[in-house]
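structure-v1.txt (compact mmCIF, C-alpha atoms) appears below.
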```txt
# COMPACT_ATOMS: atom_id res chain seq x y z
CA MET A 1 49.03 -7.50 116.69
CA SER A 2 49.92 -5.48 119.76
CA VAL A 3 52.37 -2.67 120.37
CA ILE A 4 54.96 -3.28 123.08
CA ILE A 5 57.64 -1.26 124.81
CA ALA A 6 60.72 -3.17 123.70
CA GLY A 7 63.35 -1.09 125.50
CA THR A 8 63.87 1.88 127.79
CA GLY A 9 66.69 4.37 128.21
CA SER A 10 67.46 7.56 130.08
CA PHE A 11 70.01 10.30 130.58
CA LEU A 12 70.42 12.52 133.63
CA PRO A 13 72.88 15.43 133.90
CA GLU A 14 75.82 15.00 136.25
CA ARG A 15 75.13 18.11 138.33
CA ILE A 16 73.02 17.39 141.42
CA VAL A 17 71.35 20.33 143.18
CA THR A 18 70.10 19.45 146.65
CA ASN A 19 67.56 21.24 148.80
CA ALA A 20 70.49 22.44 150.92
CA ASP A 21 71.96 24.06 147.80
CA LEU A 22 68.67 25.85 147.15
CA GLU A 23 68.65 27.19 150.70
CA LYS A 24 71.62 29.32 149.63
CA MET A 25 69.77 30.66 146.58
CA VAL A 26 66.22 31.42 147.75
CA GLU A 27 64.31 31.69 151.01
CA THR A 28 63.45 28.02 151.55
CA SER A 29 64.52 24.97 153.55
CA ASP A 30 64.96 21.26 153.07
CA GLU A 31 62.06 20.63 155.47
CA TRP A 32 59.75 23.00 153.57
CA ILE A 33 60.51 21.46 150.17
CA THR A 34 60.44 17.84 151.33
CA SER A 35 57.20 18.12 153.32
CA ARG A 36 55.34 19.79 150.45
CA THR A 37 56.75 17.91 147.46
CA GLY A 38 58.82 14.89 148.47
CA ILE A 39 61.74 16.22 146.41
CA LYS A 40 65.24 16.06 147.94
CA GLN A 41 67.38 16.83 144.88
CA ARG A 42 67.18 17.43 141.14
CA ARG A 43 69.56 17.28 138.15
CA ILE A 44 70.52 20.52 136.42
CA ALA A 45 72.02 20.41 132.94
CA SER A 46 75.16 22.25 131.94
CA ALA A 47 75.29 24.50 128.88
CA GLY A 48 76.53 21.60 126.76
CA GLU A 49 73.84 19.20 127.96
CA THR A 50 71.16 20.33 125.53
CA VAL A 51 67.74 18.75 125.15
CA SER A 52 68.74 17.17 121.85
CA ARG A 53 71.96 15.70 123.26
CA MET A 54 70.19 14.33 126.32
CA GLY A 55 67.44 12.92 124.09
CA THR A 56 69.99 11.33 121.79
CA ALA A 57 71.72 9.58 124.70
CA ALA A 58 68.40 8.28 126.05
CA ALA A 59 67.28 7.08 122.61
CA ALA A 60 70.57 5.26 121.97
CA ALA A 61 70.29 3.54 125.36
CA ALA A 62 66.71 2.44 124.64
CA LEU A 63 67.66 1.02 121.24
CA GLY A 64 70.51 -0.91 122.84
CA LYS A 65 68.21 -2.49 125.42
CA ALA A 66 65.61 -3.28 122.76
CA GLY A 67 68.19 -4.92 120.51
CA ILE A 68 67.02 -2.83 117.58
CA SER A 69 69.28 -0.96 115.17
CA ALA A 70 68.65 2.68 114.31
CA SER A 71 68.11 1.67 110.68
CA GLU A 72 64.94 -0.21 111.72
CA VAL A 73 63.33 2.89 113.26
CA GLY A 74 60.58 4.41 111.12
CA LEU A 75 59.42 7.20 113.42
CA ILE A 76 60.93 9.43 116.12
CA ILE A 77 58.74 11.67 118.28
CA ALA A 78 60.30 13.95 120.87
CA ALA A 79 57.95 15.26 123.55
CA THR A 80 59.33 18.54 124.88
CA VAL A 81 58.39 22.11 125.72
CA THR A 82 62.02 23.21 126.06
CA PRO A 83 63.59 22.47 122.65
CA ASP A 84 67.06 23.69 121.79
CA MET A 85 65.47 25.98 119.20
CA ALA A 86 62.20 26.40 117.32
CA PHE A 87 63.62 24.39 114.42
CA PRO A 88 65.10 22.04 113.48
CA SER A 89 63.15 19.84 115.86
CA VAL A 90 64.71 17.90 118.70
CA ALA A 91 63.50 14.72 117.00
CA CYS A 92 65.41 15.55 113.80
CA MET A 93 68.56 16.24 115.80
CA VAL A 94 68.15 12.92 117.60
CA GLN A 95 67.71 11.21 114.23
CA ALA A 96 71.05 12.59 113.11
CA GLY A 97 72.64 11.65 116.42
CA ILE A 98 71.60 7.99 116.34
CA GLY A 99 71.77 7.53 112.57
CA ALA A 100 68.10 6.64 112.02
CA GLY A 101 68.07 7.81 108.42
CA LYS A 102 64.80 6.03 107.50
CA ALA A 103 62.70 7.66 110.22
CA PHE A 104 60.38 10.60 109.89
CA CYS A 105 60.62 12.90 112.90
CA TYR A 106 58.82 15.65 114.74
CA ASP A 107 58.33 17.21 118.17
CA LEU A 108 55.14 17.14 120.22
CA SER A 109 54.15 19.73 122.85
CA ALA A 110 51.84 18.70 125.70
CA ALA A 111 54.04 19.65 128.67
CA CYS A 112 54.16 16.99 131.40
CA SER A 113 51.65 14.84 129.48
CA GLY A 114 53.72 14.97 126.30
CA PHE A 115 55.40 11.58 126.60
CA LEU A 116 52.11 9.69 126.93
CA TYR A 117 50.56 11.68 124.07
CA ALA A 118 53.58 10.77 121.93
CA VAL A 119 53.37 7.08 122.87
CA GLU A 120 49.73 6.96 121.78
CA THR A 121 50.57 8.73 118.51
CA ALA A 122 53.40 6.31 117.76
CA ARG A 123 51.21 3.34 118.67
CA ARG A 124 48.66 4.38 116.05
CA PHE A 125 51.33 4.66 113.34
CA ILE A 126 52.55 1.17 114.19
CA GLU A 127 49.02 -0.28 114.26
CA SER A 128 48.32 1.27 110.86
CA GLY A 129 51.33 -0.52 109.39
CA SER A 130 53.10 2.72 108.49
CA VAL A 131 56.11 1.80 110.63
CA THR A 132 57.24 -1.26 112.54
CA ALA A 133 59.36 0.44 115.18
CA ALA A 134 59.34 3.90 116.74
CA VAL A 135 61.40 5.82 119.29
CA VAL A 136 59.48 8.07 121.67
CA ILE A 137 61.49 10.54 123.75
CA GLY A 138 60.63 12.83 126.63
CA ALA A 139 63.36 15.42 127.12
CA GLU A 140 63.40 18.69 129.03
CA LYS A 141 65.72 21.42 130.27
CA PHE A 142 63.43 23.20 132.68
CA SER A 143 66.31 24.95 134.40
CA ASP A 144 66.28 27.35 131.44
CA ILE A 145 62.66 28.45 132.05
CA VAL A 146 62.63 28.59 135.84
CA ASN A 147 62.92 31.89 137.71
CA TRP A 148 65.59 31.00 140.24
CA ARG A 149 64.26 33.76 142.51
CA ASP A 150 60.83 32.10 142.75
CA ARG A 151 60.91 29.53 145.54
CA ASP A 152 57.47 28.17 144.60
CA THR A 153 58.70 26.88 141.23
CA CYS A 154 62.50 26.65 141.26
CA VAL A 155 62.44 23.89 143.90
CA LEU A 156 60.26 21.63 141.76
CA PHE A 157 61.88 21.13 138.39
CA GLY A 158 64.90 19.32 136.98
CA ASP A 159 66.45 18.34 133.66
CA GLY A 160 66.90 15.04 131.84
CA ALA A 161 65.64 12.72 129.13
CA GLY A 162 64.03 9.32 128.83
CA ALA A 163 63.10 7.21 125.83
CA VAL A 164 61.31 4.04 124.85
CA VAL A 165 61.31 1.88 121.74
CA LEU A 166 57.88 0.78 120.55
CA LYS A 167 57.42 -2.07 118.11
CA ALA A 168 54.76 -4.39 116.76
CA SER A 169 54.38 -7.76 118.44
CA ASP A 170 52.20 -10.84 118.07
CA ARG A 171 52.68 -11.86 121.71
CA GLY A 172 49.35 -10.44 122.86
CA ARG A 173 50.74 -8.01 125.41
CA GLY A 174 51.78 -4.36 125.31
CA ILE A 175 49.64 -1.22 125.44
CA MET A 176 46.19 -2.36 126.59
CA SER A 177 44.32 0.95 126.84
CA MET A 178 44.80 4.69 126.74
CA ALA A 179 42.71 7.66 127.95
CA LEU A 180 43.85 11.18 127.01
CA ALA A 181 42.15 14.55 127.48
CA SER A 182 42.65 18.31 127.64
CA ASP A 183 40.89 21.41 128.96
CA GLY A 184 42.20 24.68 127.58
CA THR A 185 39.83 26.73 129.72
CA VAL A 186 42.07 26.20 132.77
CA GLY A 187 45.36 26.64 130.94
CA GLU A 188 46.24 29.78 132.89
CA VAL A 189 47.01 27.81 136.06
CA LEU A 190 50.35 26.69 134.62
CA ARG A 191 51.95 28.64 131.81
CA ILE A 192 55.00 30.42 130.45
CA THR A 193 55.07 34.18 130.82
CA MET A 194 57.59 36.92 130.11
CA LYS A 195 58.92 38.74 133.18
CA GLU A 196 62.04 39.83 135.01
CA ALA A 197 63.74 36.68 136.24
CA ALA A 198 67.05 35.17 137.32
CA ASP A 199 68.80 32.23 135.69
CA PHE A 200 70.61 29.46 137.58
CA THR A 201 73.78 31.55 137.88
CA GLY A 202 71.83 34.41 139.47
CA ALA A 203 72.05 36.69 136.44
CA VAL A 204 68.85 38.73 136.08
CA SER A 205 67.17 39.44 132.76
CA ALA A 206 64.61 42.23 132.39
CA ARG A 207 62.39 40.04 130.22
CA LYS A 208 62.73 36.26 130.22
CA PRO A 209 60.32 33.36 129.52
CA VAL A 210 59.62 31.62 132.85
CA ILE A 211 57.11 29.30 134.47
CA GLU A 212 54.15 30.86 136.24
CA MET A 213 52.06 28.49 138.36
CA ASN A 214 49.04 28.54 140.64
CA GLY A 215 50.13 25.60 142.78
CA ARG A 216 46.82 25.10 144.57
CA GLU A 217 44.85 24.93 141.33
CA VAL A 218 47.41 22.69 139.62
CA PHE A 219 47.20 20.24 142.53
CA LYS A 220 43.40 20.20 142.43
CA HIS A 221 43.16 19.63 138.69
CA ALA A 222 46.02 17.10 138.57
CA VAL A 223 44.49 14.86 141.24
CA ARG A 224 41.01 15.00 139.73
CA TYR A 225 42.02 14.43 136.13
CA MET A 226 44.69 11.78 136.75
CA CYS A 227 42.16 9.81 138.81
CA GLU A 228 39.45 10.13 136.15
CA SER A 229 41.70 9.06 133.28
CA SER A 230 43.14 6.18 135.31
CA GLU A 231 39.65 4.90 136.02
CA GLN A 232 38.79 5.20 132.33
CA ALA A 233 41.94 3.38 131.20
CA LEU A 234 41.35 0.57 133.70
CA GLU A 235 37.70 0.22 132.69
CA ARG A 236 38.58 0.06 128.98
CA CYS A 237 40.68 -3.05 129.50
CA GLY A 238 38.47 -4.65 132.14
CA LEU A 239 40.82 -4.18 135.09
CA LYS A 240 40.59 -2.66 138.55
CA GLY A 241 43.16 -0.89 140.68
CA GLY A 242 43.95 -4.09 142.56
CA ASP A 243 45.01 -5.79 139.30
CA ILE A 244 47.88 -3.32 138.79
CA ASP A 245 51.37 -4.54 139.71
CA ILE A 246 53.10 -1.16 139.52
CA VAL A 247 52.06 2.46 139.02
CA ILE A 248 54.46 4.76 137.19
CA PRO A 249 52.98 8.25 137.50
CA HIS A 250 54.24 11.61 136.43
CA GLN A 251 56.71 12.54 139.16
CA ALA A 252 55.39 15.95 140.16
CA ASN A 253 54.47 15.92 143.82
CA GLU A 254 54.29 13.10 146.36
CA ARG A 255 51.00 14.42 147.73
CA ILE A 256 49.42 14.12 144.28
CA LEU A 257 50.62 10.53 143.97
CA THR A 258 49.26 9.61 147.40
CA ALA A 259 45.85 11.09 146.59
CA LEU A 260 45.79 9.26 143.24
CA VAL A 261 46.39 5.74 144.55
CA ASP A 262 44.17 6.26 147.60
CA ARG A 263 41.23 6.89 145.27
CA LEU A 264 42.12 3.97 143.00
CA GLY A 265 42.56 1.53 145.89
CA ILE A 266 46.18 0.73 145.04
CA PRO A 267 48.70 0.27 147.89
CA MET A 268 51.36 2.98 148.01
CA GLU A 269 54.09 0.34 147.94
CA ARG A 270 53.11 -0.43 144.33
CA VAL A 271 53.89 3.12 143.23
CA PHE A 272 57.33 3.76 141.76
CA ILE A 273 58.69 7.09 142.98
CA ASN A 274 61.97 8.70 141.99
CA LEU A 275 60.99 12.37 142.25
CA ASP A 276 63.00 12.62 145.47
CA LYS A 277 66.13 12.09 143.34
CA VAL A 278 65.26 13.90 140.09
CA GLY A 279 62.38 16.31 140.75
CA ASN A 280 59.76 17.07 138.12
CA ILE A 281 61.25 16.61 134.64
CA SER A 282 57.99 17.28 132.79
CA ALA A 283 57.75 15.10 129.64
CA ALA A 284 60.88 13.19 130.65
CA SER A 285 59.42 12.21 134.02
CA VAL A 286 57.66 8.96 133.06
CA PRO A 287 60.27 7.49 130.68
CA VAL A 288 63.07 8.26 133.16
CA ALA A 289 61.03 6.56 135.90
CA MET A 290 60.29 3.58 133.63
CA ASP A 291 63.97 3.07 132.90
CA ALA A 292 64.86 3.36 136.58
CA ALA A 293 62.16 0.83 137.52
CA VAL A 294 63.42 -1.61 134.88
CA SER A 295 67.02 -1.20 136.03
CA ALA A 296 65.98 -1.82 139.64
CA GLY A 297 64.13 -5.02 138.68
CA LEU A 298 60.80 -3.57 139.83
CA LEU A 299 59.26 -3.52 136.35
CA ARG A 300 59.34 -6.95 134.73
CA ARG A 301 57.77 -8.85 131.88
CA GLY A 302 54.14 -9.71 132.58
CA HIS A 303 53.59 -6.83 135.00
CA LYS A 304 50.45 -4.77 134.49
CA VAL A 305 51.48 -1.13 134.65
CA LEU A 306 49.35 1.96 135.17
CA VAL A 307 50.80 5.24 133.86
CA ALA A 308 49.11 8.52 134.83
CA VAL A 309 50.13 12.05 133.84
CA ALA A 310 48.92 15.65 134.03
CA GLY A 311 50.44 18.86 132.80
CA ALA A 312 50.06 22.37 131.44
CA GLY A 313 47.44 22.98 128.83
CA PHE A 314 45.65 21.65 130.87
CA THR A 315 46.47 18.12 129.63
CA TRP A 316 46.23 14.71 131.23
CA GLY A 317 45.99 11.00 130.52
CA SER A 318 46.54 7.43 131.63
CA ALA A 319 47.54 4.14 130.07
CA VAL A 320 47.50 0.49 131.09
CA ILE A 321 50.39 -1.56 129.72
CA GLU A 322 51.25 -5.24 130.06
CA TRP A 323 55.04 -5.23 130.11
```
What is this structure when it is put down as structure tokens?
Amino acid sequence: MSVIIAGTGSFLPERIVTNADLEKMVETSDEWITSRTGIKQRRIASAGETVSRMGTAAAAAALGKAGISASEVGLIIAATVTPDMAFPSVACMVQAGIGAGKAFCYDLSAACSGFLYAVETARRFIESGSVTAAVVIGAEKFSDIVNWRDRDTCVLFGDGAGAVVLKASDRGRGIMSMALASDGTVGEVLRITMKEAADFTGAVSARKPVIEMNGREVFKHAVRYMCESSEQALERCGLKGGDIDIVIPHQANERILTALVDRLGIPMERVFINLDKVGNISAASVPVAMDAAVSAGLLRRGHKVLVAVAGAGFTWGSAVIEW
């Protein structure tokens, strides 16, 4: 038995905020943002576009593409660090939204690595026989935790949700290997802190939870750890970089992606990139990119896919999947 990704889905807010829009909000420029990150625009959710609603829409889309009814789902995991509230969980709200009454549900927090952590967790439940089908969601509303006065962070992040349906299969394909890791000793390089900050409307709060990041250190650790875990995942299934048809990495920074594939010996044209359109959506980044790649016909059955992620914690990981 193997565990396959049977369907993908995504949801992106309607509002598009371009680099030109940000030039009016902070001291920055389209050239500065593009040259350092590769990002041209990002989606920003409205008040009504909550993490749970975005996750519900992505999950429903994934179920539709998988041809699986909500009643067949035994597990829902939502990877997020920006839930609507502490409880009930986003996963429980998605369960109610899609009508998956037989599923048990919970949220998982591993920042930008959360989706891959959740996929591995769901895979193990399926392999154990506890469930036959699971929905894994990555959903974030980072616009709520960005200081819109801080040009080093507000230009990077966006909002949205992506989801996949995992199920058992006897076809001999699916998730081939996984390599996950963490290092809490460097967690301070990317964290949430309480400070005076502005929201997207420009309103300033004396004390607000916002992202604090040491960009240089994040870059260094992300490149190193994503490369190491990718090499481990490839080795565990007997493959090399040249065997990979498409790389779907966490969409954080184009420079990170270039450094990653250079070390792995994979041509840049095999890397799927949509960060120019959506920015960094943390845990939603990979499932949104997967769905976009499927929709564009770039990710097809039989393709060998390398997924690589890194995020706050510090957390990271890679997976090799035969689609």
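Using all atoms listed in the file for every distance, the candidate list A:Phe272, A:Trp148, A:Trp316, A:Phe157 yields A:Trp316 as the residue closest to Cys227 in chain A.
Distance check against Gly55 in chain A using only C-alpha atoms: of A:Asn214, A:Asp152, A:Ala283, A:Glu254, the minimum falls on A:Ala283.
Nearest to Glu120 in chain A of all the residues A:Ala58, A:Ala179, A:Ala197, A:Ile76 is A:Ala179, based on only C-alpha atoms.
Of the residues under consideration (A:Ala168, A:Val271, A:Ala222, A:Ile246), A:Ala168 shows the shortest atom-to-atom contact distance to Ser130 in chain A when counting only C-alpha atoms.
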Practice item. Fewer than 3 positions away in the same chain doesn't count, so skip those; otherwise give me all residues within 7 Å of range 105-111 of chain A, counting only C-alpha atoms, as a VMD selection string. Key: chain A and resid 75 to 81 89 to 92 114 118 282 to 283 311 to 313 315
Practice item. Would you mind reading off the distance between CA of Ser128 in chain A and CA of Ser318 in chain A, one decimal, in Å? Key: 21.7 Å
Exercise for review: Can you work out which one of A:Met176, A:Val146, A:Met85, A:Leu257 has the shortest atom-to-atom distance to Thr201 in chain A, counting all atoms listed in the file?
Suggested key: A:Val146
Review point. Glu228 in chain A: which residues within 9 Å, counting all atoms listed in the file, same-chain residues fewer than 4 positions away excluded, as JSON, numbers by chain?
Key: {"A": [223, 224, 232, 233, 317, 318]}
With C-alpha atoms retained, export the selected residues as a compact mmCIF listing (two decimals), in the frame of the given file.
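Produced file again.txt, reproduced below:
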```
# COMPACT_ATOMS: atom_id res chain seq x y z
CA VAL A 223 44.49 14.86 141.24
CA ARG A 224 41.01 15.00 139.73
CA GLN A 232 38.79 5.20 132.33
CA ALA A 233 41.94 3.38 131.20
CA GLY A 317 45.99 11.00 130.52
CA SER A 318 46.54 7.43 131.63
```
Practice item. Skip Ser52 in chain A itself and residues of its chain fewer than 5 positions away, then list as a list of chain:residue names all residues within 7 Å of it, counting all atoms listed in the file. Key: A:Asp84, A:Val90, A:Met93, A:Val94
Check your understanding: Do you know which residues lie at most 12 Å from (58.4, 21.4, 153.5), with coordinates as in the file and only C-alpha atoms counted, and could you write them as a list in words?
Key -> Asn19, Thr28, Ser29, Asp30, Glu31, Trp32, Ile33, Thr34, Ser35, Arg36, Thr37, Gly38, Ile39, Lys40, Arg151, Asp152, Val155, Leu156, Asn253, Glu254 and Arg255 of chain A
Check your understanding: In Å, with one decimal, what is the gap from CA of Gly162 in chain A to CA of Pro287 in chain A?
Key -> 4.6 Å
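Nearest residue to Leu264 in chain A among A:Gly187, A:Gly297, A:Gly99, A:Gly241 is A:Gly241, counting all atoms listed in the file.
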Return as lines of an AutoDock Vina configuration file the centre and edge lengths, in Å with one decimal, of the box along x, y and z that encloses every atom of range 191-201 of chain A in the file, padded by 6 Å per side.
```
center_x = 62.9
center_y = 34.2
center_z = 134.0
size_x = 33.8
size_y = 23.2
size_z = 19.8
```
Exercise for review: One decimal, Å: what's the distance from CA of Glu212 in chain A over to CA of Ser113 in chain A, could you say?
Suggested key: 17.6 Å
